[in-house]
Structures are given as structure tokens and as C-alpha cells.
file entry_36.pdb (PDB, C-alpha atoms and all ligand atoms)
ATOM      1  CA  VAL J   1      14.559   8.928 -11.382
ATOM      2  CA  GLU J   2      12.772   8.141  -8.146
ATOM      3  CA  ALA J   3      11.061   4.814  -7.438
ATOM      4  CA  THR J   4       8.383   3.845  -4.941
ATOM      5  CA  LEU J   5       6.773   0.672  -3.642
ATOM      6  CA  VAL J   6       3.040   0.329  -4.144
ATOM      7  CA  LEU J   7       1.172  -2.597  -2.616
ATOM      8  CA  VAL J   8      -2.339  -3.559  -3.656
ATOM      9  CA  LYS J   9      -3.374  -4.909  -0.275
ATOM     10  CA  PRO J  10      -5.484  -8.093   0.143
ATOM     11  CA  ASP J  11      -8.768  -6.115   0.158
ATOM     12  CA  GLY J  12      -7.838  -4.459  -3.134
ATOM     13  CA  VAL J  13      -6.933  -7.785  -4.772
ATOM     14  CA  ARG J  14     -10.118  -9.483  -3.457
ATOM     15  CA  ARG J  15     -12.260  -6.669  -4.801
ATOM     16  CA  ASN J  16     -10.620  -6.906  -8.245
ATOM     17  CA  LEU J  17      -9.161  -3.396  -7.985
ATOM     18  CA  THR J  18      -5.618  -4.337  -9.082
ATOM     19  CA  GLY J  19      -6.218  -3.211 -12.662
ATOM     20  CA  GLU J  20      -7.869   0.015 -11.508
ATOM     21  CA  VAL J  21      -4.861   0.872  -9.316
ATOM     22  CA  LEU J  22      -2.371   0.051 -12.103
ATOM     23  CA  ALA J  23      -4.432   2.054 -14.616
ATOM     24  CA  ARG J  24      -4.402   5.143 -12.393
ATOM     25  CA  ILE J  25      -0.616   4.861 -11.925
ATOM     26  CA  GLU J  26      -0.096   4.538 -15.675
ATOM     27  CA  ARG J  27      -2.565   7.255 -16.682
ATOM     28  CA  LYS J  28      -0.822   9.633 -14.276
ATOM     29  CA  GLY J  29       2.308   9.047 -16.353
ATOM     30  CA  TYR J  30       4.341   6.854 -14.017
ATOM     31  CA  THR J  31       6.044   3.683 -15.202
ATOM     32  CA  VAL J  32       5.571   0.206 -13.742
ATOM     33  CA  THR J  33       9.029  -1.395 -13.607
ATOM     34  CA  GLY J  34       8.283  -4.423 -11.394
ATOM     35  CA  LEU J  35       5.181  -6.446 -10.573
ATOM     36  CA  LYS J  36       4.585  -9.601  -8.533
ATOM     37  CA  MET J  37       1.907 -11.346  -6.486
ATOM     38  CA  VAL J  38       3.052 -12.260  -2.992
ATOM     39  CA  ASN J  39       1.599 -14.158  -0.048
ATOM     40  CA  ALA J  40       3.175 -12.228   2.807
ATOM     41  CA  ASP J  41       4.190 -14.004   5.989
ATOM     42  CA  ARG J  42       4.702 -12.494   9.436
ATOM     43  CA  ALA J  43       8.488 -12.192   9.000
ATOM     44  CA  LEU J  44       8.088 -10.137   5.814
ATOM     45  CA  LEU J  45       5.443  -7.920   7.432
ATOM     46  CA  GLU J  46       7.571  -7.324  10.534
ATOM     47  CA  LYS J  47      10.303  -6.001   8.257
ATOM     48  CA  HIS J  48       7.923  -3.928   6.144
ATOM     49  CA  TYR J  49       6.026  -2.454   9.112
ATOM     50  CA  GLU J  50       8.971  -2.273  11.572
ATOM     51  CA  GLU J  51       7.873   1.227  12.705
ATOM     52  CA  HIS J  52       4.452  -0.166  13.734
ATOM     53  CA  ILE J  53       5.515  -3.299  15.666
ATOM     54  CA  GLU J  54       4.676  -1.730  19.044
ATOM     55  CA  LYS J  55       1.318  -0.280  17.922
ATOM     56  CA  PRO J  56      -1.890  -1.773  19.349
ATOM     57  CA  PHE J  57      -3.199  -2.499  15.833
ATOM     58  CA  PHE J  58      -0.071  -4.348  14.672
ATOM     59  CA  GLY J  59      -1.491  -7.864  15.177
ATOM     60  CA  ALA J  60      -4.722  -7.013  13.357
ATOM     61  CA  LEU J  61      -2.751  -5.303  10.585
ATOM     62  CA  CYS J  62      -0.654  -8.454  10.056
ATOM     63  CA  ASP J  63      -3.745 -10.706  10.093
ATOM     64  CA  PHE J  64      -5.292  -8.475   7.424
ATOM     65  CA  MET J  65      -2.118  -8.376   5.300
ATOM     66  CA  GLU J  66      -1.846 -12.192   5.548
ATOM     67  CA  SER J  67      -5.513 -12.719   4.610
ATOM     68  CA  GLY J  68      -4.840 -13.082   0.878
ATOM     69  CA  PRO J  69      -2.396 -12.302  -1.891
ATOM     70  CA  ILE J  70      -0.822  -8.853  -2.269
ATOM     71  CA  VAL J  71       0.297  -7.333  -5.563
ATOM     72  CA  ALA J  72       3.651  -5.569  -5.126
ATOM     73  CA  VAL J  73       4.505  -2.934  -7.707
ATOM     74  CA  ARG J  74       7.699  -0.976  -8.371
ATOM     75  CA  VAL J  75       6.810   2.408  -9.863
ATOM     76  CA  GLU J  76       9.183   5.002 -11.306
ATOM     77  CA  GLY J  77       8.945   8.695 -12.097
ATOM     78  CA  ASN J  78      10.060  12.115 -10.909
ATOM     79  CA  ARG J  79       8.572  12.742  -7.437
ATOM     80  CA  VAL J  80       6.622   9.472  -7.639
ATOM     81  CA  VAL J  81       6.684   8.942  -3.852
ATOM     82  CA  GLU J  82       4.723  12.133  -3.248
ATOM     83  CA  GLY J  83       2.697  11.658  -6.427
ATOM     84  CA  PHE J  84       1.456   8.188  -5.546
ATOM     85  CA  ARG J  85       0.547   9.233  -1.984
ATOM     86  CA  SER J  86      -1.544  11.957  -3.561
ATOM     87  CA  LEU J  87      -3.252   9.402  -5.856
ATOM     88  CA  ALA J  88      -3.893   7.110  -2.841
ATOM     89  CA  GLY J  89      -5.462   9.703  -0.561
ATOM     90  CA  GLU J  90      -5.352   9.736   3.202
ATOM     91  CA  THR J  91      -5.063   6.626   5.379
ATOM     92  CA  ASN J  92      -8.634   6.682   6.675
ATOM     93  CA  PRO J  93     -10.815   5.845   3.657
ATOM     94  CA  THR J  94     -13.906   7.502   5.148
ATOM     95  CA  ALA J  95     -12.064  10.833   5.162
ATOM     96  CA  ALA J  96     -10.076  10.336   1.950
ATOM     97  CA  ARG J  97     -11.144  12.732  -0.792
ATOM     98  CA  PRO J  98     -13.238  11.427  -3.679
ATOM     99  CA  GLY J  99     -10.978  11.268  -6.711
ATOM    100  CA  THR J 100      -8.326   9.385  -4.756
ATOM    101  CA  ILE J 101      -8.054   5.580  -4.750
ATOM    102  CA  ARG J 102      -9.037   5.309  -1.088
ATOM    103  CA  GLY J 103     -11.696   8.014  -1.429
ATOM    104  CA  ASP J 104     -13.321   6.399  -4.459
ATOM    105  CA  PHE J 105     -13.171   2.735  -3.417
ATOM    106  CA  GLY J 106     -12.626   2.608   0.346
ATOM    107  CA  ARG J 107     -14.849   2.886   3.371
ATOM    108  CA  ASP J 108     -14.961   1.783   7.005
ATOM    109  CA  TRP J 109     -15.895  -1.921   7.087
ATOM    110  CA  GLY J 110     -15.860  -2.092  10.886
ATOM    111  CA  THR J 111     -12.618  -4.093  10.923
ATOM    112  CA  VAL J 112      -9.868  -3.527  13.514
ATOM    113  CA  ALA J 113      -7.180  -2.968  10.892
ATOM    114  CA  ILE J 114      -7.968  -0.113   8.529
ATOM    115  CA  GLU J 115      -8.537  -1.698   5.110
ATOM    116  CA  ASN J 116      -7.526   0.943   2.581
ATOM    117  CA  ILE J 117      -6.697  -0.884  -0.677
ATOM    118  CA  VAL J 118      -3.148   0.356  -1.230
ATOM    119  CA  HIS J 119       0.169   1.100   0.412
ATOM    120  CA  GLY J 120       2.646   3.646  -0.894
ATOM    121  CA  SER J 121       6.095   4.362   0.555
ATOM    122  CA  ASP J 122       6.186   7.596   2.560
ATOM    123  CA  SER J 123       9.676   8.816   1.546
ATOM    124  CA  SER J 124      12.391   8.052  -0.949
ATOM    125  CA  LEU J 125      14.424   6.418   1.837
ATOM    126  CA  SER J 126      11.490   4.204   2.895
ATOM    127  CA  ALA J 127      10.929   3.337  -0.756
ATOM    128  CA  GLU J 128      14.487   2.042  -1.153
ATOM    129  CA  ARG J 129      14.200   0.048   2.063
ATOM    130  CA  GLU J 130      10.784  -1.407   1.175
ATOM    131  CA  LEU J 131      11.712  -2.227  -2.450
ATOM    132  CA  GLY J 132      14.665  -4.178  -1.036
ATOM    133  CA  ILE J 133      12.250  -6.203   1.103
ATOM    134  CA  TRP J 134       9.552  -6.943  -1.498
ATOM    135  CA  PHE J 135      11.818  -7.246  -4.547
ATOM    136  CA  ALA J 136      14.802  -8.990  -2.917
ATOM    137  CA  GLU J 137      16.498 -11.450  -5.295
TER     138      GLU J 137
HETATM  139  P1  LIG L   1       0.521   2.781   4.119
HETATM  140  O1  LIG L   1       1.843   2.835   4.876
HETATM  141  O2  LIG L   1      -0.086   1.407   4.104
HETATM  142  O3  LIG L   1       0.514   3.475   2.787
HETATM  143  P2  LIG L   1      -0.271   5.006   5.636
HETATM  144  O4  LIG L   1       1.106   5.520   5.486
HETATM  145  O5  LIG L   1      -1.396   5.847   5.170
HETATM  146  O6  LIG L   1      -0.499   3.629   4.966
HETATM  147  P3  LIG L   1       0.473   4.152   8.300
HETATM  148  O7  LIG L   1       0.256   5.081   9.423
HETATM  149  O8  LIG L   1       1.868   3.898   7.810
HETATM  150  O9  LIG L   1      -0.515   4.594   7.132
HETATM  151  O10 LIG L   1      -0.193   2.767   8.712
HETATM  152  C1  LIG L   1       0.039   1.619   7.952
HETATM  153  C2  LIG L   1      -1.269   0.872   7.774
HETATM  154  O11 LIG L   1      -1.720   0.380   9.039
HETATM  155  C3  LIG L   1      -2.435   1.734   7.272
HETATM  156  O12 LIG L   1      -2.446   1.877   5.873
HETATM  157  C4  LIG L   1      -3.623   0.952   7.774
HETATM  158  O13 LIG L   1      -3.907  -0.181   6.968
HETATM  159  C5  LIG L   1      -3.145   0.460   9.132
HETATM  160  N1  LIG L   1      -3.448   1.390  10.223
HETATM  161  C6  LIG L   1      -2.875   2.608  10.456
HETATM  162  N2  LIG L   1      -3.365   3.195  11.560
HETATM  163  C7  LIG L   1      -4.284   2.335  12.068
HETATM  164  C8  LIG L   1      -5.137   2.351  13.200
HETATM  165  N3  LIG L   1      -5.151   3.373  14.056
HETATM  166  N4  LIG L   1      -5.967   1.298  13.396
HETATM  167  C9  LIG L   1      -5.969   0.262  12.558
HETATM  168  N5  LIG L   1      -5.166   0.157  11.456
HETATM  169  C10 LIG L   1      -4.342   1.181  11.217
END
call {"tool": "encode", "arguments": {"input": "entry_36.pdb", "output": "C-alpha cells"}}
result
Amino acid sequence: VEATLVLVKPDGVRRNLTGEVLARIERKGYTVTGLKMVNADRALLEKHYEEHIEKPFFGALCDFMESGPIVAVRVEGNRVVEGFRSLAGETNPTAARPGTIRGDFGRDWGTVAIENIVHGSDSSLSAERELGIWFAE
């Protein structure tokens, strides 16, 4: 079966949405097979977001992701990568459809980094790479 990496980002943890995110994953029928709280440092984030290192928002994104604990979750199920991205909704929480995690709980807070509650791997290959980073022995 496929696995994906879900992160409850610092805004989600601060707003006590960890349980809500886990409940939606479980009610959808996916299985949580790993769970940990992590204080990410810059080195971890540079590995996780390697495709974004040159982007103008990279510094602000790292500051945001270092602003508090993150809950990292390993989730399993057939087509879970696509399925969780559908549960999460689109990146911009103002535009994300109601019914999605970002659409129901997110909005524009006027911050430089887009605060959107969750991360989900964007492909099975990314999921394997990211799970290796966040759940390394
Ligand atoms: P994630 O990878 O976290 O699930 P995503 O795939 O929807 O999100 P990406 O394009 O991979 O979005 O961007 C990673 C994260 O960087 C976003 O979730 C958001 O927090 C932040 N981000 C993306 N684009 C911007 C932007 N233009 N300005 C500020 N922050 C951004």
C-alpha cells in the first residue's frame, strides 16, 4: 500500500487542530502508522523543502515552520497521496474549498509565508523521500 507524509504545521498545532486533522484522516479510512512531534531546525527544512530553497518566500517559510512544534504523521492507504491532498485543499487557504482542511480552518492572516495548517506529499516518490527525512531512525 502507498504511504504519505502529513505535517500538522505550527499554525495547526497552535490552534489545536491536530486532533481534527487526524480525525479527518481516520474517518476517510486511512491508517496512521507513525506519529511524532518535532521541533524542526533549518537543516531539516532545507532537506524537506529542497525544491523551494531559491524561492523568495523560502526564508519566511522556514521562520514559520520553526515557530513552534510540528506533528509529523505517516499515513497509509491505497492512493493516499492523492487522497490526502484532496482532503487538504489547495495551497492558498482563501481559495481552498469549504469542506477541505484548509478551506474550513484556513484564511489569509497577512503573513509572508502562507500559513495553511497542513502539508501533504505531492507524489509517491516525494512521500518516500520526505518520510525518510522526518522518520529517519
Ligand atoms: P505543502 O507542500 O506544504 O503541502 P503545497 O504543495 O500546497 O504545500 P508548495 O507549493 O509545495 O505548496 O509550497 C510549500 C509551502 O510553502 C506552502 O504550503 C506554503 O506554506 C508556502 N508557500 C507556497 N507558496 C508561497 C508563496 N507564494 N508565498 C508564501 N508562502 C508560500
call {"tool": "closest_residue", "arguments": {"input": "entry_36.pdb", "among": "J:Ala127, J:Ile101, J:Leu61, J:Ala96", "to": "Pro10 (chain J)", "atoms": "all atoms listed in the file"}}
result
J:Leu61
call {"tool": "residues_near_ligand", "arguments": {"input": "entry_36.pdb", "ligand": "ligand LIG 1 (chain L)", "cutoff": "7 Å", "atoms": "only C-alpha atoms and all ligand atoms", "output": "list in words"}}
result
Phe57, Leu61, Glu90, Thr91, Val112, Ala113, Ile114, Glu115, Asn116, Val118, His119, Gly120, Ser121 and Asp122 of chain J
call {"tool": "residues_around", "arguments": {"input": "entry_36.pdb", "residues": "Leu45 (chain J)", "least_positions_apart": "6", "cutoff": "10 Å", "atoms": "all atoms listed in the file", "output": "tab-separated table (two decimals) with C-alpha atoms, in the frame of the given file"}}
result
chain	number	residue	atom	x	y	z
J	53	ILE	CA	5.52	-3.30	15.67
J	58	PHE	CA	-0.07	-4.35	14.67
J	61	LEU	CA	-2.75	-5.30	10.58
J	62	CYS	CA	-0.65	-8.45	10.06
J	63	ASP	CA	-3.74	-10.71	10.09
J	65	MET	CA	-2.12	-8.38	5.30
J	66	GLU	CA	-1.85	-12.19	5.55
J	133	ILE	CA	12.25	-6.20	1.10
J	134	TRP	CA	9.55	-6.94	-1.50
call {"tool": "closest_residue", "arguments": {"input": "entry_36.pdb", "among": "J:Leu5, J:Leu17, J:Ile117, J:Leu44", "to": "Ala88 (chain J)", "atoms": "only C-alpha atoms"}}
result
J:Ile117
call {"tool": "resolve_selection", "arguments": {"input": "entry_36.pdb", "expression": "the PyMOL selection byres (((chain J and resi 15) around 12) and not hetatm)", "output": "list of chain:residue names"}}
result
J:Val8, J:Lys9, J:Pro10, J:Asp11, J:Gly12, J:Val13, J:Arg14, J:Asn16, J:Leu17, J:Thr18, J:Gly19, J:Glu20, J:Val21, J:Gly68, J:Pro69, J:Ile70, J:Phe105, J:Gly106, J:Glu115, J:Asn116, J:Ile117
call {"tool": "write_last_selection", "arguments": {"input": "entry_36.pdb", "atoms": "C-alpha atoms", "output": "PDB file, in the coordinates of the input"}}
result
ATOM      1  CA  VAL J   8      -2.339  -3.559  -3.656  1.00  0.00           C
ATOM      2  CA  LYS J   9      -3.374  -4.909  -0.275  1.00  0.00           C
ATOM      3  CA  PRO J  10      -5.484  -8.093   0.143  1.00  0.00           C
ATOM      4  CA  ASP J  11      -8.768  -6.115   0.158  1.00  0.00           C
ATOM      5  CA  GLY J  12      -7.838  -4.459  -3.134  1.00  0.00           C
ATOM      6  CA  VAL J  13      -6.933  -7.785  -4.772  1.00  0.00           C
ATOM      7  CA  ARG J  14     -10.118  -9.483  -3.457  1.00  0.00           C
ATOM      8  CA  ASN J  16     -10.620  -6.906  -8.245  1.00  0.00           C
ATOM      9  CA  LEU J  17      -9.161  -3.396  -7.985  1.00  0.00           C
ATOM     10  CA  THR J  18      -5.618  -4.337  -9.082  1.00  0.00           C
ATOM     11  CA  GLY J  19      -6.218  -3.211 -12.662  1.00  0.00           C
ATOM     12  CA  GLU J  20      -7.869   0.015 -11.508  1.00  0.00           C
ATOM     13  CA  VAL J  21      -4.861   0.872  -9.316  1.00  0.00           C
ATOM     14  CA  GLY J  68      -4.840 -13.082   0.878  1.00  0.00           C
ATOM     15  CA  PRO J  69      -2.396 -12.302  -1.891  1.00  0.00           C
ATOM     16  CA  ILE J  70      -0.822  -8.853  -2.269  1.00  0.00           C
ATOM     17  CA  PHE J 105     -13.171   2.735  -3.417  1.00  0.00           C
ATOM     18  CA  GLY J 106     -12.626   2.608   0.346  1.00  0.00           C
ATOM     19  CA  GLU J 115      -8.537  -1.698   5.110  1.00  0.00           C
ATOM     20  CA  ASN J 116      -7.526   0.943   2.581  1.00  0.00           C
ATOM     21  CA  ILE J 117      -6.697  -0.884  -0.677  1.00  0.00           C
TER      22      ILE J 117
END
call {"tool": "atom_distance", "arguments": {"input": "entry_36.pdb", "atom1": "CA of Glu51 (chain J)", "atom2": "CA of Arg85 (chain J)"}}
result
18.3 Å
call {"tool": "resolve_selection", "arguments": {"input": "entry_36.pdb", "expression": "the PyMOL selection byres (((chain J and resi 30) around 7) and not hetatm)", "output": "JSON, numbers by chain"}}
result
{"J": [25, 26, 28, 29, 31, 32, 75, 76, 77]}
call {"tool": "closest_residue", "arguments": {"input": "entry_36.pdb", "among": "J:Thr33, J:Arg42, J:Ala60, J:Glu137", "to": "Val1 (chain J)", "atoms": "all atoms listed in the file"}}
result
J:Thr33
call {"tool": "closest_residue", "arguments": {"input": "entry_36.pdb", "among": "J:Asp108, J:Glu2, J:Glu128, J:Glu46", "to": "Arg79 (chain J)", "atoms": "all atoms listed in the file"}}
result
J:Glu2
call {"tool": "atom_distance", "arguments": {"input": "entry_36.pdb", "atom1": "CA of Val6 (chain J)", "atom2": "CA of Val71 (chain J)"}}
result
8.3 Å
call {"tool": "atom_distance", "arguments": {"input": "entry_36.pdb", "atom1": "CA of Ala40 (chain J)", "atom2": "CA of Ala23 (chain J)"}}
result
23.8 Å
call {"tool": "closest_residue", "arguments": {"input": "entry_36.pdb", "among": "J:Arg97, J:Asn92, J:Asp104, J:Leu7", "to": "His48 (chain J)", "atoms": "all atoms listed in the file"}}
result
J:Leu7
call {"tool": "closest_residue", "arguments": {"input": "entry_36.pdb", "among": "J:Lys47, J:Arg24, J:Lys55, J:Lys36", "to": "Arg74 (chain J)", "atoms": "all atoms listed in the file"}}
result
J:Lys36
call {"tool": "decode", "arguments": {"input": "entry_36.pdb", "residues": "region 82-108 of chain J", "atoms": "N, CA and C atoms", "output": "compact mmCIF listing (two decimals), in the first residue's frame"}}
result
# COMPACT_ATOMS: atom_id res chain seq x y z
N GLU J 82 -2.77 11.19 -3.23
CA GLU J 82 -3.81 11.98 -3.89
C GLU J 82 -4.98 12.24 -2.93
N GLY J 83 -5.34 11.24 -2.18
CA GLY J 83 -6.49 11.36 -1.28
C GLY J 83 -6.27 12.39 -0.20
N PHE J 84 -5.05 12.44 0.39
CA PHE J 84 -4.84 13.45 1.42
C PHE J 84 -4.78 14.84 0.83
N ARG J 85 -4.19 14.99 -0.37
CA ARG J 85 -4.15 16.33 -0.99
C ARG J 85 -5.56 16.83 -1.26
N SER J 86 -6.46 15.91 -1.56
CA SER J 86 -7.85 16.28 -1.75
C SER J 86 -8.50 16.69 -0.42
N LEU J 87 -8.18 15.99 0.66
CA LEU J 87 -8.69 16.39 1.99
C LEU J 87 -8.13 17.76 2.39
N ALA J 88 -6.87 18.04 2.04
CA ALA J 88 -6.21 19.29 2.46
C ALA J 88 -6.77 20.50 1.73
N GLY J 89 -7.05 20.35 0.44
CA GLY J 89 -7.49 21.50 -0.34
C GLY J 89 -6.30 22.27 -0.90
N GLU J 90 -6.58 23.31 -1.68
CA GLU J 90 -5.47 23.97 -2.35
C GLU J 90 -4.62 24.81 -1.40
N THR J 91 -3.39 25.12 -1.89
CA THR J 91 -2.38 25.78 -1.05
C THR J 91 -2.87 27.06 -0.41
N ASN J 92 -3.52 27.90 -1.20
CA ASN J 92 -4.00 29.20 -0.72
C ASN J 92 -5.31 29.00 0.05
N PRO J 93 -5.30 29.21 1.36
CA PRO J 93 -6.49 28.86 2.15
C PRO J 93 -7.70 29.75 1.89
N THR J 94 -7.47 30.93 1.32
CA THR J 94 -8.61 31.79 0.95
C THR J 94 -9.41 31.14 -0.17
N ALA J 95 -8.69 30.51 -1.10
CA ALA J 95 -9.33 29.90 -2.27
C ALA J 95 -9.74 28.46 -2.03
N ALA J 96 -9.18 27.82 -1.02
CA ALA J 96 -9.46 26.39 -0.80
C ALA J 96 -10.95 26.18 -0.53
N ARG J 97 -11.50 25.15 -1.10
CA ARG J 97 -12.94 24.88 -0.99
C ARG J 97 -13.35 24.56 0.44
N PRO J 98 -14.45 25.12 0.90
CA PRO J 98 -15.04 24.65 2.17
C PRO J 98 -15.26 23.14 2.08
N GLY J 99 -15.05 22.47 3.21
CA GLY J 99 -15.10 21.00 3.20
C GLY J 99 -13.71 20.41 3.23
N THR J 100 -12.72 21.20 2.81
CA THR J 100 -11.32 20.76 2.92
C THR J 100 -10.75 21.32 4.23
N ILE J 101 -9.61 20.77 4.66
CA ILE J 101 -8.98 21.24 5.90
C ILE J 101 -8.62 22.71 5.77
N ARG J 102 -7.95 23.07 4.69
CA ARG J 102 -7.54 24.47 4.51
C ARG J 102 -8.74 25.38 4.28
N GLY J 103 -9.74 24.88 3.57
CA GLY J 103 -10.94 25.66 3.29
C GLY J 103 -11.79 25.89 4.53
N ASP J 104 -11.81 24.93 5.43
CA ASP J 104 -12.64 25.05 6.64
C ASP J 104 -11.95 25.84 7.75
N PHE J 105 -10.62 25.73 7.83
CA PHE J 105 -9.92 26.29 9.00
C PHE J 105 -8.89 27.36 8.66
N GLY J 106 -8.59 27.54 7.37
CA GLY J 106 -7.53 28.48 7.00
C GLY J 106 -8.08 29.78 6.48
N ARG J 107 -7.23 30.80 6.54
CA ARG J 107 -7.52 32.06 5.86
C ARG J 107 -6.21 32.81 5.70
N ASP J 108 -6.24 33.96 5.05
CA ASP J 108 -5.06 34.80 4.90
C ASP J 108 -4.90 35.61 6.18
